Every structure is written in structure tokens, then in C-alpha cells.
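Asker: I have a structure I would like to understand better, so I am pasting it below and will then ask my questions one at a time.
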Amino acid sequence: MAGKGGKRASDAAREFFKVLKKGGEPSPLYLLFGEETFLLDLALRETVKAVLPRGINDFNYDQFYGHEVIGDRVVSACETPALMGGRRLVLVKEIQNVSTAQLQPIANYLTNPSPMTTLLCQGQTANKKVNKNTKFFKQARKVGIVQEFAPLREWEIGTFLKRQAA
């Protein structure tokens, strides 16, 4: 049974993967976070494939880790065009560890994101939650896809796997 007015964790995850597989123009931002590490890792891999179907190369990809993030560097990477044309992907792992001060320039960037760049932010939140009260989080909801992967309940796992396989 779903929580108050919400979807079950498995339904929300399945819907995210359906939308991703439909293809189309990638979002300028994907914010993927939650406690369900299996789904979070799968979502990260599938999102990278959707954004860069020909694969990652040094000319279209940058990666940052939360505790090391300097917001202006992330923005600079987002604004750099991919050298061989096509789409650029900037990945920020451990978004829950980025300070509010370093998220500010990224939030400002999201008011007018580059049309040829996707910013993919991922956070495993079992130990530290994503702060949903930041300007970054609010701006992310306006311009991108924000998906929380709540833990699947034991009774949801079998159904989720069967439906994913189908």
C-alpha cells in the first residue's frame, strides 16, 4: 500500500526507468538520490547510457565528488562544449556531501542551463540526507528530473523485478 497520497517505492522507480527508456531529449538535470543503492546504481548507469548513447569519452564527460566539489568548477564544466559535438555529461557523485555554499553557483547555473549539457547528480542518502530546503534542490525540481529511490519493501522486490524484466 502506498504512503499518504504517494506511490510505492517500486512504482516510482519503475516510472523513472520507463520515462528514461522512452528516449527523447535528455533533461538538463537529473538529481538521483535515496537509500536504495541497487536502484540508485542502476539509475545512474541507465541515465549515463540515455544521455551518452555512444559512450563516455574524455571530450564529453567530467566527474566530481561531493566532498571535493567547488561549485564554480562544476558550472565551468557544464558550460564547456563537447569537443566532438553532441552532448556533454557532468556527473556529481555524493551530492549530499556538497556544502550549501558550493551548491549556490550550481543553482544559479540551473536558471539558464546549457542546452547541450546534462548535469547528473547522485547521492546515496543512508547516512546523510539531501537537503531539500536549498535553492539548488528547489531549482532542480523546476528544470530537471528529481528522483528519490526509497528503500523497496520486502514484498515489493519480487514484483518490481518481474515488471522490470518484462
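Labeling convention for the C-alpha cells: chains A, B, ... as they appear, residues from 1 per chain, ligands from 1 in order of appearance.
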Compile the contact shell of segment 97-108 of chain A as a PyMOL selection string: residues with an atom at most 7 Å away, counting only C-alpha atoms, same-chain residues fewer than 2 positions apart removed.

Answerer: chain A and resi 66-67+69-72+75+94-95+110-111+134-136+139

Asker: Please, could you write that set of residues out with C-alpha atoms as a compact mmCIF listing (two decimals), in the first residue's frame?

Answerer:
```txt
# COMPACT_ATOMS: atom_id res chain seq x y z
CA GLY A 66 30.70 15.76 -3.22
CA HIS A 67 33.30 16.47 -0.57
CA VAL A 69 33.06 19.98 -5.19
CA ILE A 70 33.76 23.61 -5.96
CA GLY A 71 30.55 24.96 -7.45
CA ASP A 72 32.24 27.28 -9.94
CA VAL A 75 29.45 25.25 -13.63
CA GLU A 94 27.78 12.20 -3.36
CA ILE A 95 25.66 15.33 -3.84
CA LEU A 110 20.29 25.96 -13.43
CA THR A 111 18.31 29.14 -14.08
CA THR A 134 18.34 24.58 -0.59
CA LYS A 135 17.97 26.85 -3.60
CA PHE A 136 19.71 24.11 -5.59
CA GLN A 139 15.74 24.91 -8.80
```

Asker: Just list the residues in segment 66-161 of chain A DSSP gives strand (DSSP E or B) on the backbone, as an NGL selection string.

Answerer: :A and (88-93 or 117-124 or 145-149)

Asker: Take the residues from that selection and put them in a file with N, CA and C atoms, as a PDB file, in the first residue's frame.

Answerer:
```pdb
ATOM      1  N   ARG A  88      27.186  16.735 -23.661  1.00  0.00           N
ATOM      2  CA  ARG A  88      28.176  16.681 -22.598  1.00  0.00           C
ATOM      3  C   ARG A  88      27.483  16.219 -21.322  1.00  0.00           C
ATOM      4  N   LEU A  89      28.182  15.427 -20.520  1.00  0.00           N
ATOM      5  CA  LEU A  89      27.651  14.946 -19.246  1.00  0.00           C
ATOM      6  C   LEU A  89      28.603  15.352 -18.129  1.00  0.00           C
ATOM      7  N   VAL A  90      28.041  15.987 -17.121  1.00  0.00           N
ATOM      8  CA  VAL A  90      28.803  16.351 -15.925  1.00  0.00           C
ATOM      9  C   VAL A  90      28.154  15.599 -14.762  1.00  0.00           C
ATOM     10  N   LEU A  91      28.935  14.751 -14.108  1.00  0.00           N
ATOM     11  CA  LEU A  91      28.445  13.912 -13.024  1.00  0.00           C
ATOM     12  C   LEU A  91      28.988  14.412 -11.694  1.00  0.00           C
ATOM     13  N   VAL A  92      28.087  14.618 -10.746  1.00  0.00           N
ATOM     14  CA  VAL A  92      28.471  14.964  -9.378  1.00  0.00           C
ATOM     15  C   VAL A  92      27.978  13.837  -8.494  1.00  0.00           C
ATOM     16  N   LYS A  93      28.919  13.048  -7.980  1.00  0.00           N
ATOM     17  CA  LYS A  93      28.571  11.964  -7.065  1.00  0.00           C
ATOM     18  C   LYS A  93      28.587  12.493  -5.644  1.00  0.00           C
ATOM     19  N   THR A 117      24.291  20.221 -22.431  1.00  0.00           N
ATOM     20  CA  THR A 117      24.904  19.583 -21.263  1.00  0.00           C
ATOM     21  C   THR A 117      23.818  19.003 -20.363  1.00  0.00           C
ATOM     22  N   THR A 118      24.110  17.843 -19.826  1.00  0.00           N
ATOM     23  CA  THR A 118      23.269  17.274 -18.777  1.00  0.00           C
ATOM     24  C   THR A 118      24.101  17.194 -17.512  1.00  0.00           C
ATOM     25  N   LEU A 119      23.580  17.747 -16.444  1.00  0.00           N
ATOM     26  CA  LEU A 119      24.196  17.650 -15.123  1.00  0.00           C
ATOM     27  C   LEU A 119      23.494  16.516 -14.396  1.00  0.00           C
ATOM     28  N   LEU A 120      24.255  15.511 -14.013  1.00  0.00           N
ATOM     29  CA  LEU A 120      23.724  14.334 -13.332  1.00  0.00           C
ATOM     30  C   LEU A 120      24.276  14.320 -11.916  1.00  0.00           C
ATOM     31  N   CYS A 121      23.401  14.461 -10.940  1.00  0.00           N
ATOM     32  CA  CYS A 121      23.807  14.485  -9.537  1.00  0.00           C
ATOM     33  C   CYS A 121      23.253  13.243  -8.851  1.00  0.00           C
ATOM     34  N   GLN A 122      24.107  12.569  -8.109  1.00  0.00           N
ATOM     35  CA  GLN A 122      23.737  11.314  -7.466  1.00  0.00           C
ATOM     36  C   GLN A 122      24.124  11.372  -5.997  1.00  0.00           C
ATOM     37  N   GLY A 123      23.262  10.850  -5.147  1.00  0.00           N
ATOM     38  CA  GLY A 123      23.565  10.834  -3.730  1.00  0.00           C
ATOM     39  C   GLY A 123      22.980   9.627  -3.028  1.00  0.00           C
ATOM     40  N   GLN A 124      23.817   8.895  -2.327  1.00  0.00           N
ATOM     41  CA  GLN A 124      23.377   7.755  -1.512  1.00  0.00           C
ATOM     42  C   GLN A 124      23.119   8.316  -0.123  1.00  0.00           C
ATOM     43  N   ILE A 145      14.819  16.491 -13.661  1.00  0.00           N
ATOM     44  CA  ILE A 145      14.153  15.308 -13.145  1.00  0.00           C
ATOM     45  C   ILE A 145      14.768  14.987 -11.788  1.00  0.00           C
ATOM     46  N   VAL A 146      13.949  15.007 -10.775  1.00  0.00           N
ATOM     47  CA  VAL A 146      14.388  14.704  -9.413  1.00  0.00           C
ATOM     48  C   VAL A 146      13.721  13.397  -9.014  1.00  0.00           C
ATOM     49  N   GLN A 147      14.545  12.393  -8.714  1.00  0.00           N
ATOM     50  CA  GLN A 147      14.007  11.076  -8.379  1.00  0.00           C
ATOM     51  C   GLN A 147      14.653  10.558  -7.107  1.00  0.00           C
ATOM     52  N   GLU A 148      13.822  10.305  -6.124  1.00  0.00           N
ATOM     53  CA  GLU A 148      14.300   9.685  -4.891  1.00  0.00           C
ATOM     54  C   GLU A 148      14.021   8.194  -4.959  1.00  0.00           C
ATOM     55  N   PHE A 149      15.017   7.390  -4.629  1.00  0.00           N
ATOM     56  CA  PHE A 149      14.873   5.942  -4.608  1.00  0.00           C
ATOM     57  C   PHE A 149      14.791   5.489  -3.158  1.00  0.00           C
TER      58      PHE A 149
END
```

Asker: Measuring between only C-alpha atoms, which one of A:Ala12, A:Leu32, A:Leu39, A:Cys78 shows the shortest distance to Gly144 of chain A?

Answerer: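 That would be A:Leu32, the residue with the smallest distance to Gly144 of chain A.
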
Asker: Please report the interatomic distance between atom CA of Gln96 of chain A and atom CA of Glu46 of chain A in Å with one decimal.

Answerer: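 Computed distance, atom CA of Gln96 of chain A to atom CA of Glu46 of chain A, equals 20.8 Å.
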
Asker: Leaving out Phe59 of chain A and any residue of its chain fewer than 2 positions from it, which residues lie within 7 Å of it when counting only C-alpha atoms, given as an MDAnalysis selection string?

Answerer: chainID A and resid 57 61 82:84

Asker: Considering only C-alpha atoms, can you say which of A:Leu40, A:Ser27, A:Gly34, A:Ser114 comes closest to Val143 of chain A?

Answerer: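 Looking at the shortest contact to Val143 of chain A, the residue is A:Ser27.
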